Every structure is written in structure tokens, then in C-alpha cells.
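Printed here is final.cif (mmCIF, C-alpha atoms):
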data_data
#
loop_
_atom_site.label_atom_id
_atom_site.label_comp_id
_atom_site.auth_asym_id
_atom_site.auth_seq_id
_atom_site.Cartn_x
_atom_site.Cartn_y
_atom_site.Cartn_z
CA MET A 1 0.00 0.00 0.00
CA SER A 2 1.84 3.04 -1.15
CA HIS A 3 -0.10 5.13 1.31
CA THR A 4 1.01 8.36 2.78
CA GLY A 5 2.60 8.02 6.19
CA ARG A 6 -0.45 9.54 7.83
CA GLU A 7 -2.92 7.09 6.32
CA ARG A 8 -0.68 4.19 7.27
CA GLN A 9 -0.46 5.40 10.87
CA LYS A 10 -4.25 5.52 11.03
CA LEU A 11 -4.59 1.97 9.72
CA LEU A 12 -1.88 0.73 12.09
CA ALA A 13 -3.68 2.33 15.03
CA ARG A 14 -6.85 0.49 14.00
CA VAL A 15 -5.16 -2.88 13.67
CA ARG A 16 -3.42 -2.48 17.05
CA ARG A 17 -6.76 -1.75 18.66
CA ILE A 18 -8.10 -4.95 17.09
CA ARG A 19 -5.13 -6.89 18.46
CA GLY A 20 -6.04 -5.57 21.92
CA GLN A 21 -9.64 -6.72 21.39
CA VAL A 22 -8.50 -10.20 20.34
CA GLU A 23 -6.31 -10.37 23.45
CA SER A 24 -9.38 -9.49 25.55
CA ILE A 25 -11.26 -12.41 23.99
CA GLU A 26 -8.33 -14.67 24.85
CA ARG A 27 -8.30 -13.43 28.45
CA ALA A 28 -12.08 -13.84 28.73
CA LEU A 29 -11.83 -17.43 27.54
CA SER A 30 -8.88 -18.16 29.87
CA THR A 31 -10.65 -16.81 32.92
CA GLU A 32 -13.89 -18.59 32.08
CA SER A 33 -15.89 -15.40 31.71
CA GLY A 34 -19.55 -15.85 30.82
CA CYS A 35 -20.64 -16.73 27.31
CA GLU A 36 -22.42 -13.42 26.99
CA GLN A 37 -19.24 -11.44 27.60
CA VAL A 38 -17.27 -13.58 25.16
CA MET A 39 -19.93 -13.19 22.44
CA HIS A 40 -19.98 -9.42 22.93
CA LEU A 41 -16.20 -9.15 22.77
CA ILE A 42 -16.16 -11.17 19.54
CA ALA A 43 -18.95 -9.03 18.07
CA GLY A 44 -16.92 -5.91 18.94
CA ALA A 45 -13.72 -7.23 17.38
CA ARG A 46 -15.63 -8.27 14.28
CA GLY A 47 -17.11 -4.77 13.94
CA ALA A 48 -13.65 -3.24 14.28
CA MET A 49 -12.31 -5.64 11.64
CA ALA A 50 -15.12 -4.63 9.29
CA GLY A 51 -14.23 -0.98 9.91
CA LEU A 52 -10.58 -1.67 9.06
CA MET A 53 -11.60 -3.43 5.84
CA ALA A 54 -13.88 -0.52 4.90
CA GLU A 55 -10.97 1.87 5.38
CA VAL A 56 -8.55 -0.20 3.29
CA VAL A 57 -11.13 -0.71 0.53
CA GLN A 58 -11.76 3.03 0.52
CA ASP A 59 -8.06 3.76 0.07
CA HIS A 60 -7.91 1.11 -2.64
CA VAL A 61 -10.84 2.58 -4.58
CA ARG A 62 -9.67 6.17 -4.24
CA SER A 63 -5.96 5.59 -4.85
CA HIS A 64 -5.35 2.43 -6.84
CA LEU A 65 -8.14 1.89 -9.36
CA VAL A 66 -6.78 4.68 -11.46
CA ASP A 67 -3.18 5.88 -11.59
CA VAL A 68 -3.92 9.54 -11.00
CA GLU A 69 -0.52 10.70 -12.20
CA LYS A 70 -0.99 9.11 -15.62
CA HIS A 71 -4.76 9.63 -15.84
CA PRO A 72 -5.81 12.65 -13.80
CA ASN A 73 -9.61 13.10 -13.67
CA ALA A 74 -10.29 9.67 -15.16
CA LEU A 75 -11.88 8.29 -11.98
CA ASN A 76 -15.57 9.22 -11.78
CA THR A 77 -15.45 10.24 -8.14
CA GLU A 78 -19.23 10.35 -7.79
CA ALA A 79 -19.52 6.74 -9.03
CA ALA A 80 -16.64 5.77 -6.71
CA GLU A 81 -18.35 7.31 -3.67
CA GLN A 82 -21.65 5.56 -4.55
CA LEU A 83 -19.76 2.28 -4.62
CA LEU A 84 -18.15 3.01 -1.24
CA ASP A 85 -21.58 3.84 0.23
CA VAL A 86 -22.85 0.42 -0.78
CA ILE A 87 -19.73 -1.39 0.42
CA ARG A 88 -19.98 0.28 3.83
CA THR A 89 -23.54 -1.08 4.19
CA TYR A 90 -22.12 -4.57 3.90
CA LEU A 91 -19.04 -3.94 5.99
CA LYS A 92 -20.83 -3.53 9.29
CA MET B 93 -27.71 1.60 -15.76
CA SER B 94 -26.63 2.10 -19.28
CA HIS B 95 -26.02 -1.59 -19.65
CA THR B 96 -26.13 -3.53 -22.81
CA GLY B 97 -29.43 -5.26 -23.40
CA ARG B 98 -27.84 -8.62 -22.68
CA GLU B 99 -26.53 -7.61 -19.25
CA ARG B 100 -29.88 -6.10 -18.37
CA GLN B 101 -31.71 -9.30 -19.35
CA LYS B 102 -29.40 -11.28 -17.07
CA LEU B 103 -30.05 -8.96 -14.13
CA LEU B 104 -33.81 -9.00 -14.79
CA ALA B 105 -33.80 -12.81 -14.83
CA ARG B 106 -32.05 -12.77 -11.45
CA VAL B 107 -34.48 -10.32 -9.89
CA ARG B 108 -37.49 -12.27 -11.18
CA ARG B 109 -36.10 -15.43 -9.62
CA ILE B 110 -35.80 -13.54 -6.34
CA ARG B 111 -39.41 -12.38 -6.65
CA GLY B 112 -40.41 -16.04 -7.00
CA GLN B 113 -38.41 -16.89 -3.89
CA VAL B 114 -40.09 -14.10 -1.90
CA GLU B 115 -43.49 -15.38 -3.05
CA SER B 116 -42.51 -18.84 -1.76
CA ILE B 117 -41.74 -17.34 1.64
CA GLU B 118 -45.15 -15.67 1.59
CA ARG B 119 -46.84 -18.95 0.70
CA ALA B 120 -44.90 -20.82 3.39
CA LEU B 121 -46.00 -18.30 6.01
CA SER B 122 -49.63 -18.38 4.80
CA THR B 123 -49.83 -22.15 4.95
CA GLU B 124 -48.14 -22.33 8.32
CA SER B 125 -45.16 -24.31 7.07
CA GLY B 126 -42.57 -25.19 9.68
CA CYS B 127 -40.09 -22.63 10.95
CA GLU B 128 -37.22 -24.62 9.48
CA GLN B 129 -38.63 -24.37 5.97
CA VAL B 130 -39.32 -20.65 6.34
CA MET B 131 -35.79 -19.99 7.60
CA HIS B 132 -34.28 -21.94 4.72
CA LEU B 133 -36.39 -20.10 2.16
CA ILE B 134 -35.33 -16.75 3.61
CA ALA B 135 -31.67 -17.83 3.64
CA GLY B 136 -31.99 -18.80 -0.02
CA ALA B 137 -33.60 -15.52 -1.04
CA ARG B 138 -30.96 -13.61 0.88
CA GLY B 139 -28.19 -15.49 -0.93
CA ALA B 140 -29.82 -14.72 -4.28
CA MET B 141 -30.10 -11.04 -3.33
CA ALA B 142 -26.41 -10.98 -2.41
CA GLY B 143 -25.63 -12.53 -5.79
CA LEU B 144 -27.66 -9.84 -7.56
CA MET B 145 -25.85 -7.11 -5.64
CA ALA B 146 -22.47 -8.66 -6.50
CA GLU B 147 -23.44 -8.64 -10.18
CA VAL B 148 -24.60 -5.00 -10.13
CA VAL B 149 -21.51 -3.88 -8.19
CA GLN B 150 -19.33 -5.71 -10.71
CA ASP B 151 -20.98 -3.91 -13.61
CA HIS B 152 -20.62 -0.63 -11.73
CA VAL B 153 -16.90 -1.14 -11.09
CA ARG B 154 -16.13 -2.34 -14.62
CA SER B 155 -18.31 0.14 -16.50
CA HIS B 156 -18.91 3.28 -14.49
CA LEU B 157 -15.87 4.12 -12.40
CA VAL B 158 -14.06 5.26 -15.50
CA ASP B 159 -15.62 6.56 -18.69
CA VAL B 160 -13.80 4.22 -21.05
CA GLU B 161 -14.60 6.29 -24.12
CA LYS B 162 -12.90 9.36 -22.69
CA HIS B 163 -10.21 7.54 -20.72
CA PRO B 164 -9.42 4.21 -22.33
CA ASN B 165 -6.94 2.13 -20.29
CA ALA B 166 -7.22 4.39 -17.26
CA LEU B 167 -8.88 1.73 -15.08
CA ASN B 168 -6.30 -0.55 -13.48
CA THR B 169 -8.21 -3.76 -14.24
CA GLU B 170 -6.04 -5.85 -11.94
CA ALA B 171 -6.79 -3.54 -9.00
CA ALA B 172 -10.48 -3.57 -9.98
CA GLU B 173 -10.60 -7.39 -10.01
CA GLN B 174 -8.86 -7.53 -6.60
CA LEU B 175 -11.53 -5.23 -5.25
CA LEU B 176 -14.30 -7.39 -6.71
CA ASP B 177 -12.72 -10.50 -5.16
CA VAL B 178 -12.90 -8.89 -1.73
CA ILE B 179 -16.44 -7.61 -2.26
CA ARG B 180 -17.63 -11.08 -3.30
CA THR B 181 -16.31 -12.47 0.00
CA TYR B 182 -18.66 -10.13 1.83
CA LEU B 183 -21.58 -10.56 -0.54
CA LYS B 184 -22.34 -14.15 0.39
CA MET C 185 -44.82 -22.14 12.21
CA SER C 186 -47.51 -22.69 14.76
CA HIS C 187 -47.59 -19.00 15.49
CA THR C 188 -50.48 -17.05 16.78
CA GLY C 189 -52.48 -15.35 14.07
CA ARG C 190 -51.13 -11.99 15.12
CA GLU C 191 -47.50 -12.96 14.78
CA ARG C 192 -48.19 -14.51 11.40
CA GLN C 193 -49.90 -11.36 10.17
CA LYS C 194 -46.85 -9.33 11.19
CA LEU C 195 -44.49 -11.65 9.31
CA LEU C 196 -46.76 -11.65 6.25
CA ALA C 197 -46.84 -7.85 6.24
CA ARG C 198 -43.03 -7.84 6.28
CA VAL C 199 -42.69 -10.32 3.44
CA ARG C 200 -45.24 -8.41 1.32
CA ARG C 201 -43.24 -5.23 1.83
CA ILE C 202 -40.15 -7.10 0.65
CA ARG C 203 -42.04 -8.30 -2.43
CA GLY C 204 -42.83 -4.64 -3.19
CA GLN C 205 -39.16 -3.76 -2.81
CA VAL C 206 -38.13 -6.55 -5.18
CA GLU C 207 -40.69 -5.30 -7.70
CA SER C 208 -39.14 -1.82 -7.43
CA ILE C 209 -35.74 -3.30 -8.26
CA GLU C 210 -37.29 -5.01 -11.28
CA ARG C 211 -38.87 -1.73 -12.41
CA ALA C 212 -35.62 0.17 -11.89
CA LEU C 213 -33.75 -2.34 -14.05
CA SER C 214 -36.47 -2.31 -16.72
CA THR C 215 -36.48 1.46 -16.98
CA GLU C 216 -32.70 1.69 -17.00
CA SER C 217 -32.50 3.68 -13.79
CA GLY C 218 -29.01 4.62 -12.64
CA CYS C 219 -26.75 2.09 -11.01
CA GLU C 220 -26.78 4.07 -7.79
CA GLN C 221 -30.55 3.78 -7.47
CA VAL C 222 -30.48 0.06 -8.23
CA MET C 223 -27.75 -0.55 -5.65
CA HIS C 224 -29.67 1.39 -3.01
CA LEU C 225 -32.89 -0.49 -3.72
CA ILE C 226 -31.08 -3.83 -3.42
CA ALA C 227 -29.42 -2.70 -0.16
CA GLY C 228 -32.85 -1.76 1.19
CA ALA C 229 -34.45 -5.07 0.21
CA ARG C 230 -31.54 -6.93 1.73
CA GLY C 231 -31.92 -5.04 5.01
CA ALA C 232 -35.65 -5.85 5.06
CA MET C 233 -34.89 -9.52 4.38
CA ALA C 234 -32.41 -9.54 7.29
CA GLY C 235 -35.10 -8.00 9.50
CA LEU C 236 -37.56 -10.72 8.49
CA MET C 237 -35.01 -13.42 9.26
CA ALA C 238 -34.28 -11.84 12.66
CA GLU C 239 -38.01 -11.90 13.44
CA VAL C 240 -38.43 -15.55 12.41
CA VAL C 241 -35.31 -16.63 14.31
CA GLN C 242 -36.60 -14.79 17.37
CA ASP C 243 -39.92 -16.66 17.21
CA HIS C 244 -38.04 -19.90 16.71
CA VAL C 245 -35.81 -19.35 19.75
CA ARG C 246 -38.62 -18.18 22.00
CA SER C 247 -41.26 -20.70 20.91
CA HIS C 248 -39.68 -23.82 19.49
CA LEU C 249 -36.43 -24.61 21.26
CA VAL C 250 -38.38 -25.76 24.28
CA ASP C 251 -41.90 -27.11 24.33
CA VAL C 252 -43.25 -24.79 27.01
CA GLU C 253 -46.30 -26.91 27.69
CA LYS C 254 -44.23 -29.95 28.57
CA HIS C 255 -41.30 -28.09 30.10
CA PRO C 256 -42.44 -24.76 31.52
CA ASN C 257 -39.54 -22.62 32.79
CA ALA C 258 -36.91 -24.85 31.19
CA LEU C 259 -35.75 -22.18 28.72
CA ASN C 260 -33.20 -19.85 30.29
CA THR C 261 -34.78 -16.69 28.92
CA GLU C 262 -31.77 -14.53 29.82
CA ALA C 263 -29.45 -16.81 27.83
CA ALA C 264 -31.98 -16.84 24.97
CA GLU C 265 -32.11 -13.03 24.85
CA GLN C 266 -28.28 -12.83 24.88
CA LEU C 267 -28.24 -15.14 21.91
CA LEU C 268 -30.81 -13.03 20.07
CA ASP C 269 -28.77 -9.88 20.78
CA VAL C 270 -25.77 -11.45 19.07
CA ILE C 271 -27.80 -12.79 16.16
CA ARG C 272 -29.32 -9.34 15.54
CA THR C 273 -25.79 -7.90 15.23
CA TYR C 274 -25.19 -10.24 12.31
CA LEU C 275 -28.63 -9.87 10.77
CA LYS C 276 -28.22 -6.28 9.68
CA MET D 277 -18.39 -20.16 29.92
CA SER D 278 -18.56 -23.20 32.14
CA HIS D 279 -17.12 -25.29 29.37
CA THR D 280 -15.22 -28.44 29.71
CA GLY D 281 -11.47 -27.95 29.62
CA ARG D 282 -11.32 -29.54 26.18
CA GLU D 283 -13.84 -27.17 24.61
CA ARG D 284 -12.05 -24.20 26.14
CA GLN D 285 -8.69 -25.36 24.76
CA LYS D 286 -10.23 -25.55 21.29
CA LEU D 287 -11.62 -22.02 21.54
CA LEU D 288 -8.32 -20.70 22.89
CA ALA D 289 -6.44 -22.29 19.99
CA ARG D 290 -8.82 -20.54 17.59
CA VAL D 291 -8.42 -17.14 19.21
CA ARG D 292 -4.62 -17.47 19.27
CA ARG D 293 -4.64 -18.25 15.58
CA ILE D 294 -6.70 -15.09 15.03
CA ARG D 295 -4.19 -13.08 17.07
CA GLY D 296 -1.48 -14.37 14.72
CA GLN D 297 -3.56 -13.30 11.72
CA VAL D 298 -4.05 -9.82 13.17
CA GLU D 299 -0.30 -9.56 13.76
CA SER D 300 0.24 -10.48 10.09
CA ILE D 301 -2.04 -7.61 9.06
CA GLU D 302 -0.02 -5.29 11.28
CA ARG D 303 3.22 -6.49 9.71
CA ALA D 304 1.82 -6.15 6.20
CA LEU D 305 0.80 -2.56 6.92
CA SER D 306 4.17 -1.74 8.51
CA THR D 307 6.14 -3.11 5.60
CA GLU D 308 3.92 -1.40 3.04
CA SER D 309 2.74 -4.63 1.45
CA GLY D 310 0.33 -4.26 -1.44
CA CYS D 311 -3.32 -3.44 -0.87
CA GLU D 312 -4.35 -6.79 -2.29
CA GLN D 313 -2.35 -8.69 0.31
CA VAL D 314 -3.69 -6.55 3.14
CA MET D 315 -7.30 -7.03 1.97
CA HIS D 316 -6.82 -10.79 1.75
CA LEU D 317 -5.28 -10.98 5.21
CA ILE D 318 -8.19 -8.99 6.66
CA ALA D 319 -10.72 -11.21 4.84
CA GLY D 320 -8.99 -14.27 6.29
CA ALA D 321 -8.98 -12.90 9.84
CA ARG D 322 -12.62 -11.94 9.48
CA GLY D 323 -13.53 -15.48 8.35
CA ALA D 324 -11.65 -16.93 11.33
CA MET D 325 -13.46 -14.54 13.68
CA ALA D 326 -16.81 -15.63 12.20
CA GLY D 327 -15.79 -19.25 12.76
CA LEU D 328 -14.94 -18.51 16.40
CA MET D 329 -18.30 -16.80 16.90
CA ALA D 330 -20.13 -19.76 15.30
CA GLU D 331 -18.35 -22.10 17.73
CA VAL D 332 -19.18 -20.00 20.80
CA VAL D 333 -22.82 -19.57 19.71
CA GLN D 334 -23.06 -23.32 19.18
CA ASP D 335 -21.80 -24.00 22.70
CA HIS D 336 -24.19 -21.39 24.03
CA VAL D 337 -27.21 -22.92 22.28
CA ARG D 338 -26.32 -26.50 23.20
CA SER D 339 -25.21 -25.87 26.79
CA HIS D 340 -26.79 -22.73 28.19
CA LEU D 341 -30.29 -22.26 26.83
CA VAL D 342 -31.53 -25.07 28.99
CA ASP D 343 -30.01 -26.23 32.27
CA VAL D 344 -29.74 -29.91 31.37
CA GLU D 345 -29.29 -31.02 34.95
CA LYS D 346 -32.59 -29.48 36.04
CA HIS D 347 -34.45 -30.03 32.79
CA PRO D 348 -33.06 -33.04 30.95
CA ASN D 349 -34.64 -33.54 27.51
CA ALA D 350 -36.32 -30.12 27.53
CA LEU D 351 -34.20 -28.73 24.67
CA ASN D 352 -35.66 -29.70 21.30
CA THR D 353 -32.32 -30.68 19.80
CA GLU D 354 -33.71 -30.84 16.26
CA ALA D 355 -34.98 -27.23 16.52
CA ALA D 356 -31.64 -26.19 18.06
CA GLU D 357 -29.68 -27.72 15.17
CA GLN D 358 -31.97 -26.02 12.62
CA LEU D 359 -31.22 -22.71 14.31
CA LEU D 360 -27.47 -23.38 14.24
CA ASP D 361 -27.69 -24.24 10.53
CA VAL D 362 -29.23 -20.85 9.82
CA ILE D 363 -26.78 -18.99 12.07
CA ARG D 364 -23.82 -20.64 10.32
CA THR D 365 -25.11 -19.32 6.97
CA TYR D 366 -24.80 -15.79 8.34
CA LEU D 367 -21.52 -16.35 10.17
CA LYS D 368 -19.38 -16.77 7.08
#

How does the structure come out when it is put into C-alpha cells?
Amino acid sequence: MSHTGRERQKLLARVRRIRGQVESIERALSTESGCEQVMHLIAGARGAMAGLMAEVVQDHVRSHLVDVEKHPNALNTEAAEQLLDVIRTYLK
Amino acid sequence: MSHTGRERQKLLARVRRIRGQVESIERALSTESGCEQVMHLIAGARGAMAGLMAEVVQDHVRSHLVDVEKHPNALNTEAAEQLLDVIRTYLK
Amino acid sequence: MSHTGRERQKLLARVRRIRGQVESIERALSTESGCEQVMHLIAGARGAMAGLMAEVVQDHVRSHLVDVEKHPNALNTEAAEQLLDVIRTYLK
Amino acid sequence: MSHTGRERQKLLARVRRIRGQVESIERALSTESGCEQVMHLIAGARGAMAGLMAEVVQDHVRSHLVDVEKHPNALNTEAAEQLLDVIRTYLK
């Protein structure tokens, strides 16, 4: 991902948060926490994972479908945003 | 959707099949079929709906993100197919 | 589904609304509406289908996992509601 | 989760594998791997998370909806398995 440093930092922060959530699931299982708590922790981690995917897909659509240096203005940004709207509906 | 007639016929065939599946759910509920059957019919209709969405999204990515008449070769087709692979994973 | 008449009417109303939504998708495709509109209509119908499934699953969990006439009080209703909470997260 | 030690070990092995997958995503982002690889790693971790949830939900349905010591035979196991079939369709 030839992302700018700032974008990459944002994605890394997300993935580290997810790692923390997965470690919480592990702890909950180790300490025999209730099923309810385990299911909620998994649901939370899954939501965070979906959010990370949405972010990466967004970068991919905006930055990699068209090489903007070679083809400036070729990407129909309205059509791209419509696509991202739909994808976000599924990535929840 | 400025699709070719052939693409549109394919999408219309899909949506009509889904209509038939929704009518089956209606019939199953009316005739007090078992819960299991109703749940399976809904799961089937949902899968078909996901397949329809995948098809429409695919057309959108391939045909509308870049105006190929104005910008031939601007769409990175490899990047577009990678995106569609990921989207299909979620549209199941 | 040996549901009360009232529950069945509610489910039938939902499935008829979904049929209407599927017919809108068909019309949108027939009249060559824009991709954006088609994608939004499909996303809406899919959400409604998920809502129907959530409702049927809820009835199934509350009414069919335990035969309440033979085994009153056997279903741990708290555990059942926790399960439904999790299922609803996925049925969106 | 008052699971047997064996069940818990199986769940812990799953969650540790997921932690490894999340660490791979982190590494891929740090080393500026391609978008495609990052998206595939996230899709894999998401699938594994869904599998973990399916396993926990299954234990919950089979072990906690009915207190089998107090109410042996009260859980309609056929209805429970039908429910799990449907849930697995959504947890993919």
C-alpha cells in the first residue's frame, strides 16, 4: 500500500486496537468469563475488523483503481463514492 | 444503468427469480409451514439477493468508475478485479 | 410455524413489503434507472430480508427450542435473549 | 463459559490463531505490502473470527439455553440444530 505516512499510521492504530480486542477475547476465555461477555467481545472485534476493511477498501478505490498521475480526472469520483456507500452497508 | 441489453436481461432474470423466492416465503407463512422451511427459504432468497448485488456492483466497477470512451486504459483492471474479489467475500 | 395469528400477520406484512421492494428493483432495471438507485434499492431489500429473518429466528428461539407446555420454565430466557442480541448484530 | 477444559482449549487455539492473523495484518501494513495482500489478510482474519463466533454460539445454544441437569430432555435438539444451521449461513 503506497499510502502516505499519515494514512498508514491511522490503519496501524486500527489494527493495534483490534489486536487488543482479540487479546481481551483470549483473556475472557482463559478466565472462564460468561458466554455473553465472550460473544460481545467477539462481536466488537468483528465490527472493528469490518471498519478496518472498509478503510482499506476506501483507500484502494480512491488511490489504486486509477493511476492519477498518468490519468488525472479519469476516476468518476461520484460513481466511486456511490460504490463506497454500498460497500460500507455490507461492511458492518 | 446504461447496460447492454444482454446484461440487463441477465439482471432482470435474477431479480425475477428472487421475486419467485419471496413469493414462496409468503406462501410458506400463509400455509403455516414449519419454521425450518421458512428460515431456509429466507436464507436462499438472501443469498440470491447478495448474488444480484455482487453482479450490479461488478458492472458498476467495470463500467462506471471510468468513462472508457474518454479515458481508455485508465482503469487498473487488476486492482479492480482484486476489489471485486474482496467484495464477493462479503456478498455471500 | 404454529404461530399465533397476530404474529403470522406481522411476518406476512413484512414479506409483502419485501415483495414490493423486489418489484421496485425489477422496475428500476427495466427502466434503466441509474446504477446508484439500483444498488440502493437492493441494499434496502436486503436489510428488510435480514429484518424478516431476525423476526423468524426470534420466534423460533422463543417458541420452538423448548416445548413450554411440557417443560415450563426450562428455557433460560436470559441466555436466549443474549443469543438473540448477538444474532441481531449479524442480521443487519 | 462453564465449558469443559477440552472445549475451552479448542476455543483458545482458535483465538490465538486469530491473534497471529491480526499480527500479520499489522506487519503487512508496517512493511507497506500491497493493498491486495492486506485485503486478503483482513478477509482471512474476518472469516476466522466468524468461525470462532459460530463455535461459541453453538456452545451457548447447546449448553446454556436449557439447564440440562434441572431439565433433561427439555431442549428440542432438532430445533436447536436447525437454528445453528441458519446462524452458520450468516456467520461466514

Got a sec to pull out which chain B residues are within 12 Å of chain A, counting all atoms listed in the file, and send them as a count of residues only?
41

request  = Please indicate the distance in Å from atom CA of D:Met315 to atom CA of A:Val22, rounded to one decimal place.
outcome  =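 Between these atoms lies a distance of 18.7 Å.
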
**Asked** So which residues get picked by the PyMOL selection byres ((chain B and resi 120) around 12) here, written as a VMD selection string?
**Response** (chain B and resid 113 to 119 121 to 134) or (chain C and resid 185 to 186 192 195 to 196 199)

Based on the selection just made, write C-alpha atoms of those residues as a tab-separated table (two decimals), in the coordinates of the input.
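The resulting out_8.tsv:
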chain	number	residue	atom	x	y	z
B	113	GLN	CA	-38.41	-16.89	-3.89
B	114	VAL	CA	-40.09	-14.10	-1.90
B	115	GLU	CA	-43.49	-15.38	-3.05
B	116	SER	CA	-42.51	-18.84	-1.76
B	117	ILE	CA	-41.74	-17.34	1.64
B	118	GLU	CA	-45.15	-15.67	1.59
B	119	ARG	CA	-46.84	-18.95	0.70
B	121	LEU	CA	-46.00	-18.30	6.01
B	122	SER	CA	-49.63	-18.38	4.80
B	123	THR	CA	-49.83	-22.15	4.95
B	124	GLU	CA	-48.14	-22.33	8.32
B	125	SER	CA	-45.16	-24.31	7.07
B	126	GLY	CA	-42.57	-25.19	9.68
B	127	CYS	CA	-40.09	-22.63	10.95
B	128	GLU	CA	-37.22	-24.62	9.48
B	129	GLN	CA	-38.63	-24.37	5.97
B	130	VAL	CA	-39.32	-20.65	6.34
B	131	MET	CA	-35.79	-19.99	7.60
B	132	HIS	CA	-34.28	-21.94	4.72
B	133	LEU	CA	-36.39	-20.10	2.16
B	134	ILE	CA	-35.33	-16.75	3.61
C	185	MET	CA	-44.82	-22.14	12.21
C	186	SER	CA	-47.51	-22.69	14.76
C	192	ARG	CA	-48.19	-14.51	11.40
C	195	LEU	CA	-44.49	-11.65	9.31
C	196	LEU	CA	-46.76	-11.65	6.25
C	199	VAL	CA	-42.69	-10.32	3.44

Exercise. Interatomic distance between atom CA of A:Ala48 and atom CA of C:Gly231?
Worked result: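 Distance reported for this atom pair: 20.6 Å.
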
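The interatomic distance for the pair atom CA of A:Ile18 and atom CA of A:Met49 works out to 6.9 Å.
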
Is it possible to get the axis-aligned box enclosing stretch 81-89 of chain A (all listed atoms, 5 Å extra per side) as AutoDock Vina command-line options, with centre and edge lengths in Å rounded to one decimal?
--center_x -20.8 --center_y 3.0 --center_z -0.2 --size_x 15.4 --size_y 18.7 --size_z 18.8
